[in-house]
>>> print(open('structure-v5.txt').read())   # compact mmCIF, C-alpha atoms
# COMPACT_ATOMS: atom_id res chain seq x y z
CA MET X 443 7.57 -63.52 -4.53
CA CYS X 444 7.81 -62.03 -1.04
CA ARG X 445 10.45 -59.30 -1.14
CA SER X 446 9.17 -57.15 1.69
CA PRO X 447 11.30 -58.77 4.45
CA GLU X 448 14.45 -58.47 2.34
CA GLY X 449 13.65 -54.83 1.59
CA SER X 450 13.09 -54.12 5.28
CA LEU X 451 16.39 -55.81 6.15
CA LEU X 452 18.19 -53.80 3.47
CA LEU X 453 16.69 -50.59 4.90
CA TYR X 454 17.97 -51.57 8.35
CA ILE X 455 21.43 -52.29 6.90
CA ALA X 456 21.50 -48.89 5.16
CA ILE X 457 20.70 -47.05 8.38
CA LYS X 458 23.15 -49.18 10.41
CA LEU X 459 25.84 -48.42 7.83
CA LEU X 460 25.55 -44.72 8.58
CA LYS X 461 25.26 -45.17 12.33
CA SER X 462 28.37 -47.35 12.60
CA ASP X 463 30.71 -44.57 11.38
CA GLY X 464 33.28 -47.15 10.31
CA GLU X 465 33.76 -48.49 13.83
CA GLU X 466 34.49 -52.18 13.99
CA GLU X 467 32.35 -54.31 16.24
CA LYS X 468 34.16 -56.14 19.02
CA LEU X 469 34.53 -59.86 18.43
CA LYS X 470 35.37 -62.37 21.13
CA SER X 471 38.82 -63.85 20.56
CA SER X 472 39.72 -67.42 21.29
CA ASP X 473 42.85 -69.55 21.59
CA ARG X 474 41.06 -72.52 20.02
CA LEU X 475 41.28 -72.98 16.24
CA GLY X 476 37.65 -74.12 15.90
CA GLU X 477 36.34 -71.01 17.68
CA ALA X 478 38.57 -68.73 15.59
CA ILE X 479 37.36 -70.30 12.35
CA LYS X 480 33.74 -70.00 13.51
CA THR X 481 34.26 -66.31 14.33
CA ILE X 482 35.80 -65.64 10.89
CA VAL X 483 33.04 -67.49 9.03
CA VAL X 484 30.25 -65.72 10.95
CA ALA X 485 31.89 -62.31 10.44
CA ASP X 486 32.30 -62.95 6.70
CA ILE X 487 28.67 -64.04 6.34
CA VAL X 488 27.35 -61.02 8.24
CA MET X 489 29.55 -58.54 6.35
CA SER X 490 28.67 -59.95 2.92
CA LEU X 491 24.90 -60.16 3.58
CA ASP X 492 24.34 -56.48 2.86
CA ASN X 493 26.34 -56.74 -0.37
CA VAL X 494 24.32 -59.71 -1.64
CA LEU X 495 21.00 -58.07 -0.71
CA ALA X 496 21.96 -54.80 -2.38
CA VAL X 497 23.07 -56.50 -5.59
CA ALA X 498 19.98 -58.74 -5.68
CA GLY X 499 17.66 -55.79 -5.02
CA ALA X 500 19.28 -53.57 -7.63
CA ALA X 501 19.22 -56.40 -10.21
CA ASN X 502 15.46 -56.79 -9.71
CA GLY X 503 15.58 -60.57 -10.12
CA ASN X 504 17.73 -60.58 -13.28
CA LEU X 505 20.15 -63.47 -12.72
CA LEU X 506 22.68 -62.14 -15.23
CA LEU X 507 22.84 -58.79 -13.39
CA ILE X 508 23.07 -60.53 -10.00
CA GLY X 509 25.99 -62.65 -11.22
CA LEU X 510 27.71 -59.66 -12.83
CA GLY X 511 27.17 -57.49 -9.74
CA LEU X 512 28.61 -60.11 -7.41
CA ALA X 513 31.48 -60.87 -9.81
CA ILE X 514 32.45 -57.19 -9.75
CA SER X 515 31.76 -56.36 -6.10
CA ILE X 516 33.28 -59.38 -4.35
CA PRO X 517 36.81 -58.88 -5.80
CA LEU X 518 36.52 -55.16 -5.00
CA ILE X 519 35.71 -55.98 -1.40
CA ILE X 520 38.39 -58.65 -1.07
CA TRP X 521 41.32 -56.93 -2.81
CA GLY X 522 40.38 -53.29 -2.86
CA ASP X 523 39.10 -52.87 0.68
CA GLN X 524 41.99 -50.70 1.86
CA SER X 525 41.77 -48.42 -1.19
CA LEU X 526 38.00 -48.19 -0.84
CA MET X 527 38.32 -47.38 2.87
CA ARG X 528 40.81 -44.59 2.16
CA LEU X 529 38.53 -43.20 -0.54
CA MET X 530 35.47 -43.35 1.73
CA ASN X 531 37.38 -41.74 4.61
CA ARG X 532 38.54 -38.95 2.32
CA PHE X 533 35.09 -38.44 0.76
CA PRO X 534 32.43 -39.42 3.35
CA VAL X 535 29.70 -38.38 0.94
CA ILE X 536 30.34 -41.69 -0.90
CA VAL X 537 29.07 -43.61 2.13
CA LEU X 538 26.09 -41.28 2.48
CA LEU X 539 25.12 -41.65 -1.19
CA GLY X 540 25.66 -45.41 -1.06
CA ALA X 541 23.39 -45.71 1.96
CA GLY X 542 20.81 -43.55 0.18
CA LEU X 543 20.97 -45.89 -2.81
CA LEU X 544 20.44 -48.84 -0.46
CA GLY X 545 17.38 -47.03 0.97
CA TYR X 546 16.02 -46.48 -2.56
CA THR X 547 16.63 -50.13 -3.47
CA ALA X 548 14.94 -51.23 -0.23
CA GLY X 549 11.88 -49.16 -1.17
CA GLU X 550 11.75 -50.80 -4.59
CA MET X 551 12.09 -54.25 -3.01
CA ILE X 552 9.31 -53.55 -0.50
CA LEU X 553 7.01 -52.30 -3.26
CA GLY X 554 8.04 -55.27 -5.40
CA ASP X 555 6.36 -57.57 -2.89
CA GLU X 556 3.07 -58.67 -4.48
CA ALA X 557 0.88 -57.99 -1.44
CA VAL X 558 2.46 -54.65 -0.55
CA GLY X 559 2.71 -53.50 -4.17
CA HIS X 560 -1.00 -54.15 -4.86
CA VAL X 561 -2.09 -52.24 -1.77
CA PHE X 562 0.08 -49.24 -2.65
CA GLU X 563 -1.05 -49.33 -6.28
CA LYS X 564 -4.69 -49.01 -5.21
CA VAL X 565 -4.23 -46.53 -2.36
CA PHE X 566 -1.30 -44.44 -3.60
CA PRO X 567 -0.52 -44.98 -7.32
CA ALA X 568 2.41 -42.53 -7.33
CA GLY X 569 3.91 -44.46 -4.40
CA HIS X 570 6.06 -46.56 -6.72
CA TYR X 571 8.07 -43.43 -7.45
CA ILE X 572 7.74 -41.56 -4.17
CA ILE X 573 8.28 -44.34 -1.58
CA PRO X 574 11.76 -45.43 -2.78
CA ALA X 575 12.89 -41.80 -3.05
CA ALA X 576 11.45 -41.03 0.40
CA LEU X 577 13.28 -44.00 1.93
CA ALA X 578 16.54 -42.87 0.30
CA LEU X 579 16.05 -39.39 1.78
CA LEU X 580 15.10 -40.90 5.16
CA VAL X 581 18.31 -42.94 5.28
CA ILE X 582 20.39 -39.86 4.36
CA ALA X 583 18.55 -37.74 6.97
CA VAL X 584 19.17 -40.35 9.67
CA GLY X 585 22.84 -40.42 8.64
CA LYS X 586 23.16 -36.64 8.84
CA LEU X 587 21.39 -36.48 12.22
CA THR X 588 23.61 -39.24 13.57
CA GLU X 589 26.69 -37.42 12.30
CA ARG X 590 25.61 -34.17 14.02
CA ARG X 591 24.86 -36.00 17.27
CA LYS X 592 28.30 -37.66 17.25
CA LYS X 593 30.04 -34.33 16.59
CA ARG X 594 28.08 -32.69 19.41
CA GLN X 595 28.95 -35.58 21.74
CA THR X 596 32.64 -35.30 20.80
CA VAL X 597 32.61 -31.56 21.49
CA ASN X 598 30.86 -32.08 24.85
CA GLU X 599 33.38 -34.76 25.84
CA ALA X 600 36.28 -32.49 24.86
CA GLU X 601 34.81 -29.60 26.86
CA GLY X 602 34.33 -31.94 29.84
CA MET X 603 38.00 -32.90 29.73
CA ILE X 604 39.09 -29.27 29.61
CA GLY X 605 36.72 -27.97 32.30
>>> encode(input="structure-v5.txt", output="structure tokens")
Amino acid sequence: MCRSPEGSLLLYIAIKLLKSDGEEEKLKSSDRLGEAIKTIVVADIVMSLDNVLAVAGAANGNLLLIGLGLAISIPLIIWGDQSLMRLMNRFPVIVLLGAGLLGYTAGEMILGDEAVGHVFEKVFPAGHYIIPAALALLVIAVGKLTERRKKRQTVNEAEGMIG
């Protein structure tokens, strides 16, 4: 089973999660009902893709765990989104740790690919433990660097307004 592309996509999603800083992307509005429905459907599909990939990766192919994970996470997202957003805004480390977990899961998915896994097993046997942990740390490091850069940019913009 080829899991390397899904793992790579999940890694991208984890890094994008930290770079977005909770900012909503701009969507084109429309007066036509068909266009509005299309926009809503596309936005829902894009926003739920990372959730499905994360659950599937963490479940490691176990259909019972995939079903249970989606059964728990989808209602949380639908009905608890405001509470979760308040909690994540109050404790930003939750987002950082969640993104790190996505990075770890992406590493496991990439190594779970038959072709990639066999190569790593021959060349770097300890890679099955080190690569997922390294990707988790990489995602967290990218998040921290992005956070510092945004703070520095905010300070520079504030100083530019004063001076």
>>> residues_around(input="structure-v5.txt", residues="Leu538 of chain X", least_positions_apart="5", cutoff="9 Å", atoms="all atoms listed in the file", output="CSV table (one decimal) with C-alpha atoms, in the frame of the given file")
chain,number,residue,atom,x,y,z
X,459,LEU,CA,25.8,-48.4,7.8
X,460,LEU,CA,25.6,-44.7,8.6
X,543,LEU,CA,21.0,-45.9,-2.8
X,581,VAL,CA,18.3,-42.9,5.3
X,582,ILE,CA,20.4,-39.9,4.4
X,585,GLY,CA,22.8,-40.4,8.6
X,586,LYS,CA,23.2,-36.6,8.8
>>> atom_distance(input="structure-v5.txt", atom1="atom CA of Glu556 of chain X", atom2="atom CA of Tyr571 of chain X")
16.3 Å
>>> atom_distance(input="structure-v5.txt", atom1="atom CA of Glu448 of chain X", atom2="atom CA of Asn531 of chain X")
28.5 Å
>>> atom_distance(input="structure-v5.txt", atom1="atom CA of Pro447 of chain X", atom2="atom CA of Leu553 of chain X")
10.9 Å
>>> residues_around(input="structure-v5.txt", residues="segment 512-514 of chain X", least_positions_apart="5", cutoff="9 Å", atoms="only C-alpha atoms", output="MDAnalysis selection string")
chainID X and resid 493:494 497:498 507
>>> closest_residue(input="structure-v5.txt", among="X:Val597, X:Gly540, X:Ala548, X:Asp555", to="Leu577 of chain X", atoms="all atoms listed in the file")
X:Ala548
>>> closest_residue(input="structure-v5.txt", among="X:Leu580, X:Met527, X:Ala500, X:Leu539", to="Tyr454 of chain X", atoms="all atoms listed in the file")
X:Leu580
>>> closest_residue(input="structure-v5.txt", among="X:Pro567, X:Gly554, X:Pro574, X:Gly545", to="Lys458 of chain X", atoms="all atoms listed in the file")
X:Gly545
